[in-house]
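Raw upload-v4.tsv, TSV, C-alpha atoms:
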chain	number	residue	atom	x	y	z
A	1	MET	CA	46.39	70.51	50.82
A	2	THR	CA	42.73	70.82	51.80
A	3	ALA	CA	43.68	71.94	55.29
A	4	VAL	CA	46.01	74.61	53.92
A	5	LEU	CA	43.38	75.86	51.46
A	6	ARG	CA	40.76	75.88	54.21
A	7	ASP	CA	43.02	78.00	56.43
A	8	CYS	CA	43.72	80.40	53.58
A	9	LEU	CA	40.04	80.63	52.70
A	10	ALA	CA	39.17	81.46	56.31
A	11	GLU	CA	41.68	84.34	56.25
A	12	LEU	CA	40.54	85.69	52.89
A	13	PRO	CA	38.63	88.67	54.37
A	14	ASP	CA	41.91	90.10	55.70
A	15	THR	CA	42.80	92.42	52.81
A	16	ARG	CA	46.16	93.32	54.35
A	17	ARG	CA	47.26	89.71	54.33
A	18	TRP	CA	45.48	88.83	51.09
A	19	PRO	CA	45.92	91.58	48.49
A	20	GLU	CA	43.81	91.34	45.36
A	21	GLN	CA	46.32	89.47	43.18
A	22	THR	CA	46.96	86.84	45.86
A	23	ARG	CA	43.26	86.52	46.62
A	24	CYS	CA	42.50	85.95	42.92
A	25	ALA	CA	45.23	83.31	42.69
A	26	LEU	CA	43.79	81.49	45.70
A	27	LEU	CA	40.30	81.51	44.22
A	28	ASP	CA	41.71	80.21	40.92
A	29	LEU	CA	43.41	77.39	42.79
A	30	ILE	CA	40.19	76.54	44.63
A	31	GLN	CA	38.34	76.49	41.31
A	32	ASP	CA	40.80	73.88	40.09
A	33	CYS	CA	41.01	71.62	43.14
A	34	GLY	CA	38.62	72.78	45.84
A	35	GLU	CA	36.02	69.99	45.83
A	36	SER	CA	36.62	69.32	49.50
A	37	LEU	CA	35.97	72.98	50.36
A	38	ILE	CA	32.34	73.13	49.21
A	39	ASP	CA	30.98	73.43	52.76
A	40	ASP	CA	33.48	76.21	53.54
A	41	LEU	CA	32.55	78.05	50.35
A	42	LEU	CA	28.84	77.75	51.07
A	43	ARG	CA	29.34	79.03	54.61
A	44	LEU	CA	31.24	82.10	53.38
A	45	ILE	CA	28.62	82.73	50.72
A	46	ARG	CA	25.61	82.30	52.99
A	47	GLN	CA	27.17	84.43	55.73
A	48	ARG	CA	28.07	87.05	53.11
A	49	THR	CA	31.54	87.17	54.67
A	50	LEU	CA	33.34	88.52	51.61
A	51	LEU	CA	30.36	90.39	50.19
A	52	ASP	CA	30.09	92.54	53.31
A	53	ALA	CA	33.81	92.76	54.10
A	54	LYS	CA	35.37	96.20	53.77
A	55	GLY	CA	37.45	96.42	50.63
A	56	LEU	CA	36.07	93.22	49.08
A	57	GLY	CA	32.45	93.08	47.97
A	58	PRO	CA	30.57	91.61	45.02
A	59	ASP	CA	33.53	90.62	42.82
A	60	VAL	CA	35.14	88.50	45.52
A	61	HIS	CA	31.76	87.03	46.54
A	62	ALA	CA	31.26	86.16	42.85
A	63	GLY	CA	34.65	84.43	42.95
A	64	LEU	CA	33.29	82.08	45.60
A	65	LEU	CA	30.29	81.33	43.40
A	66	LYS	CA	32.62	80.55	40.49
A	67	CYS	CA	34.45	78.11	42.75
A	68	LEU	CA	31.17	76.28	43.43
A	69	ILE	CA	30.41	76.02	39.72
A	70	SER	CA	33.95	74.93	38.83
A	71	ASN	CA	33.85	72.19	41.42
A	72	GLY	CA	30.55	70.84	40.13
A	73	HIS	CA	28.35	71.84	43.06
A	74	ARG	CA	24.89	72.61	41.75
A	75	VAL	CA	23.25	74.09	44.87
A	76	THR	CA	19.58	74.90	44.02
A	77	PRO	CA	17.87	77.30	41.62
A	78	GLU	CA	16.57	79.24	44.62
A	79	PHE	CA	20.14	79.71	45.81
A	80	TRP	CA	21.07	81.21	42.44
A	81	PHE	CA	18.01	83.49	42.49
A	82	GLU	CA	19.06	84.73	45.95
A	83	GLN	CA	22.57	85.39	44.69
A	84	PHE	CA	21.20	87.34	41.73
A	85	ALA	CA	19.12	89.46	44.12
A	86	LEU	CA	22.27	90.15	46.17
A	87	LEU	CA	24.65	90.83	43.30
A	88	GLY	CA	22.43	92.39	40.66
A	89	PRO	CA	22.28	92.38	36.85
A	90	ARG	CA	26.03	92.83	36.32
A	91	TYR	CA	26.43	89.21	37.47
A	92	GLY	CA	23.68	87.79	35.25
A	93	ALA	CA	26.03	85.51	33.31
A	94	LEU	CA	27.42	84.00	36.50
A	95	ILE	CA	23.91	83.20	37.70
A	96	PHE	CA	23.04	81.87	34.22
A	97	SER	CA	26.06	79.58	34.46
A	98	GLY	CA	24.92	78.34	37.87
A	99	LEU	CA	21.45	77.58	36.54
A	100	ILE	CA	22.53	75.64	33.43
A	101	ASP	CA	22.68	72.29	35.24
A	102	HIS	CA	19.17	72.78	36.63
A	103	GLY	CA	17.51	72.45	33.26
A	104	LEU	CA	17.02	74.40	30.10
A	105	ASP	CA	13.55	75.62	31.08
A	106	ILE	CA	14.66	77.15	34.39
A	107	THR	CA	17.73	78.70	32.80
A	108	MET	CA	15.93	80.24	29.85
A	109	ARG	CA	12.99	81.44	31.96
A	110	GLN	CA	15.48	83.65	33.81
A	111	LEU	CA	17.20	84.86	30.64
A	112	PRO	CA	15.38	88.21	30.36
A	113	ALA	CA	16.42	89.33	33.87
A	114	LEU	CA	19.91	87.85	33.58
A	115	SER	CA	20.45	89.69	30.26
A	116	ALA	CA	19.59	93.14	31.65
A	117	ASP	CA	23.22	94.27	31.87
A	118	PRO	CA	25.09	94.66	28.53
A	119	GLY	CA	28.24	93.01	29.92
A	120	ALA	CA	26.23	90.09	31.29
A	121	CYS	CA	24.48	89.79	27.93
A	122	GLN	CA	27.81	89.40	26.14
A	123	GLN	CA	29.06	86.89	28.69
A	124	ILE	CA	25.85	84.86	28.36
A	125	ARG	CA	26.53	84.67	24.63
A	126	TRP	CA	29.93	83.15	25.48
A	127	LEU	CA	28.09	80.45	27.46
A	128	PHE	CA	25.86	79.40	24.56
A	129	PRO	CA	28.31	76.74	23.27
A	130	HIS	CA	28.10	75.00	26.66
A	131	LEU	CA	24.31	75.31	26.62
A	132	LYS	CA	24.14	73.88	23.08
A	133	ASP	CA	26.44	70.99	24.02
A	134	LYS	CA	24.35	70.16	27.05
A	135	TYR	CA	20.84	70.47	25.59
A	136	GLY	CA	21.24	70.51	21.82
A	137	ILE	CA	20.97	73.48	19.51
A	138	GLN	CA	17.34	72.81	18.51
A	139	SER	CA	16.16	72.67	22.13
A	140	VAL	CA	18.06	75.81	23.06
A	141	ARG	CA	16.72	77.63	20.04
A	142	ALA	CA	13.13	76.59	20.85
A	143	ALA	CA	13.57	77.71	24.48
A	144	LEU	CA	14.97	81.05	23.31
A	145	ASP	CA	12.11	81.50	20.85
A	146	ALA	CA	9.66	80.95	23.73
A	147	ARG	CA	11.25	83.92	25.54
A	148	GLN	CA	11.16	86.24	22.51
A	149	GLY	CA	8.46	88.57	23.80
A	150	HIS	CA	10.24	88.93	27.14
A	151	ILE	CA	13.69	89.98	25.87
A	152	ALA	CA	14.60	93.20	24.09
A	153	GLU	CA	14.35	92.55	20.36
A	154	GLU	CA	18.02	93.37	19.61
A	155	THR	CA	19.17	91.08	22.44
A	156	TYR	CA	16.91	88.31	21.17
A	157	ARG	CA	18.33	88.66	17.63
A	158	LEU	CA	21.89	88.52	18.94
A	159	TYR	CA	21.18	85.39	20.97
A	160	ARG	CA	19.37	83.81	18.04
A	161	GLN	CA	22.31	84.64	15.77
A	162	ASP	CA	24.48	82.57	18.11
A	163	LEU	CA	22.12	79.64	17.59
A	164	ILE	CA	22.01	79.56	13.79
A	165	LEU	CA	22.66	76.17	12.30
A	166	PRO	CA	25.37	75.99	9.59
A	167	ASP	CA	22.85	75.75	6.70
A	168	SER	CA	20.21	77.98	8.26
A	169	PRO	CA	18.48	80.55	6.04
A	170	ASP	CA	18.66	83.21	8.78
A	171	PRO	CA	20.70	86.26	7.74
A	172	PRO	CA	23.62	87.34	9.93
A	173	ILE	CA	23.13	90.22	12.33
A	174	ALA	CA	25.59	93.06	11.72
A	175	HIS	CA	25.03	95.00	14.96
A	176	HIS	CA	26.71	93.28	17.95
A	177	ASN	CA	25.93	95.11	21.17
A	178	CYS	CA	23.35	93.96	23.68
A	179	ASP	CA	20.55	96.48	23.87
A	180	ILE	CA	18.80	96.14	27.20
A	181	SER	CA	15.82	98.31	26.32
A	182	THR	CA	12.50	96.54	26.21
A	183	THR	CA	10.27	96.52	23.20
Render the structure in this file as structure tokens.
Amino acid sequence: MTAVLRDCLAELPDTRRWPEQTRCALLDLIQDCGESLIDDLLRLIRQRTLLDAKGLGPDVHAGLLKCLISNGHRVTPEFWFEQFALLGPRYGALIFSGLIDHGLDITMRQLPALSADPGACQQIRWLFPHLKDKYGIQSVRAALDARQGHIAEETYRLYRQDLILPDSPDPPIAHHNCDISTT
């Protein structure tokens, strides 16, 4: 199966042979059982094969990154910073997800930049349960509080709302969009 997946992965830049729906299905399959393809994925990512391919671009490149995360390959924080520089703020949540296993401090230090896009901000909020499970709600809350002056106030309040303990005295936040303006 690995050999077949490797062959398919190598042909992925051919958009005539691999239309979007088929390409997505292949990446989903690799996310589920592609541990043996880590070197192939890294090669495609580092060579920017799909990022620079005509008709493909950032979304398909991001699919390769998701495959790395799904298969438990941590890479390095520097790798994730490079990917963020290539892909931009729209992919902040993906980069956040890649950084989670590198420690709470590294992950939260990057939170202001990774939250710059409203869609990424919302997706980061969806990742908070994983972050809380991994590091504990108190630690995550303390790390978020340390970033307060670096994140737009509305974004900070939304993130903090996601970290309220069941018996916490904090009032709920009624407004639920991620404002990326700085204060």
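Taking only C-alpha atoms into account, Thr22 of chain A lies nearest to A:Leu9 out of the set A:Leu9, A:Ile124, A:Leu51, A:Ala142.
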Spatial neighbours of segment 34-47 of chain A, max dist 7 Å, all atoms listed in the file, sep filter under 5 positions, as a list in words: Thr2, Arg6, His61, Leu64, Leu68 and Asn71 of chain A
Atom CA of Phe81 of chain A to atom CA of Arg48 of chain A, straight-line distance in Å: 15.1 Å
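A search radius of 12 Å centred on (41.9, 88.5, 55.0), applied to only C-alpha atoms, returns the residues Asp7, Cys8, Leu9, Ala10, Glu11, Leu12, Pro13, Asp14, Thr15, Arg16, Arg17, Trp18, Pro19, Glu20, Thr22, Arg23, Leu26, Thr49, Leu50, Ala53, Lys54, Gly55, Leu56 and Val60 of chain A.
Take atom CA of Leu144 of chain A and atom CA of Arg74 of chain A: the distance between them is 22.6 Å.
For the residues A:Gly136, A:Gly63, A:Pro118, A:Gly98, ranking by smallest atom-to-atom distance to Glu78 of chain A using only C-alpha atoms places A:Gly98 first.
Closest approach to Asp28 of chain A among A:Ala3, A:Cys67, A:Leu163, A:Ala93: A:Cys67, based on all atoms listed in the file.
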Nearest candidate to Ser70 of chain A (options A:Leu94, A:Ala113, A:Cys121, A:Ala146; using only C-alpha atoms): A:Leu94
Residue list as a ChimeraX atom specification for point (16.9, 73.7, 29.6), cut-off 12 Å, all atoms listed in the file: /A:96-97,99-111,128,130-144,146
Atom-to-atom span, atom CA of Met1 of chain A and atom CA of Gln31 of chain A, Å: 13.8 Å
Surrounding residues of Arg90 of chain A excluding itself and chain neighbours under 6 positions, 10 Å, all atoms listed in the file, as a PyMOL selection string: chain A and resi 58+84+114-121
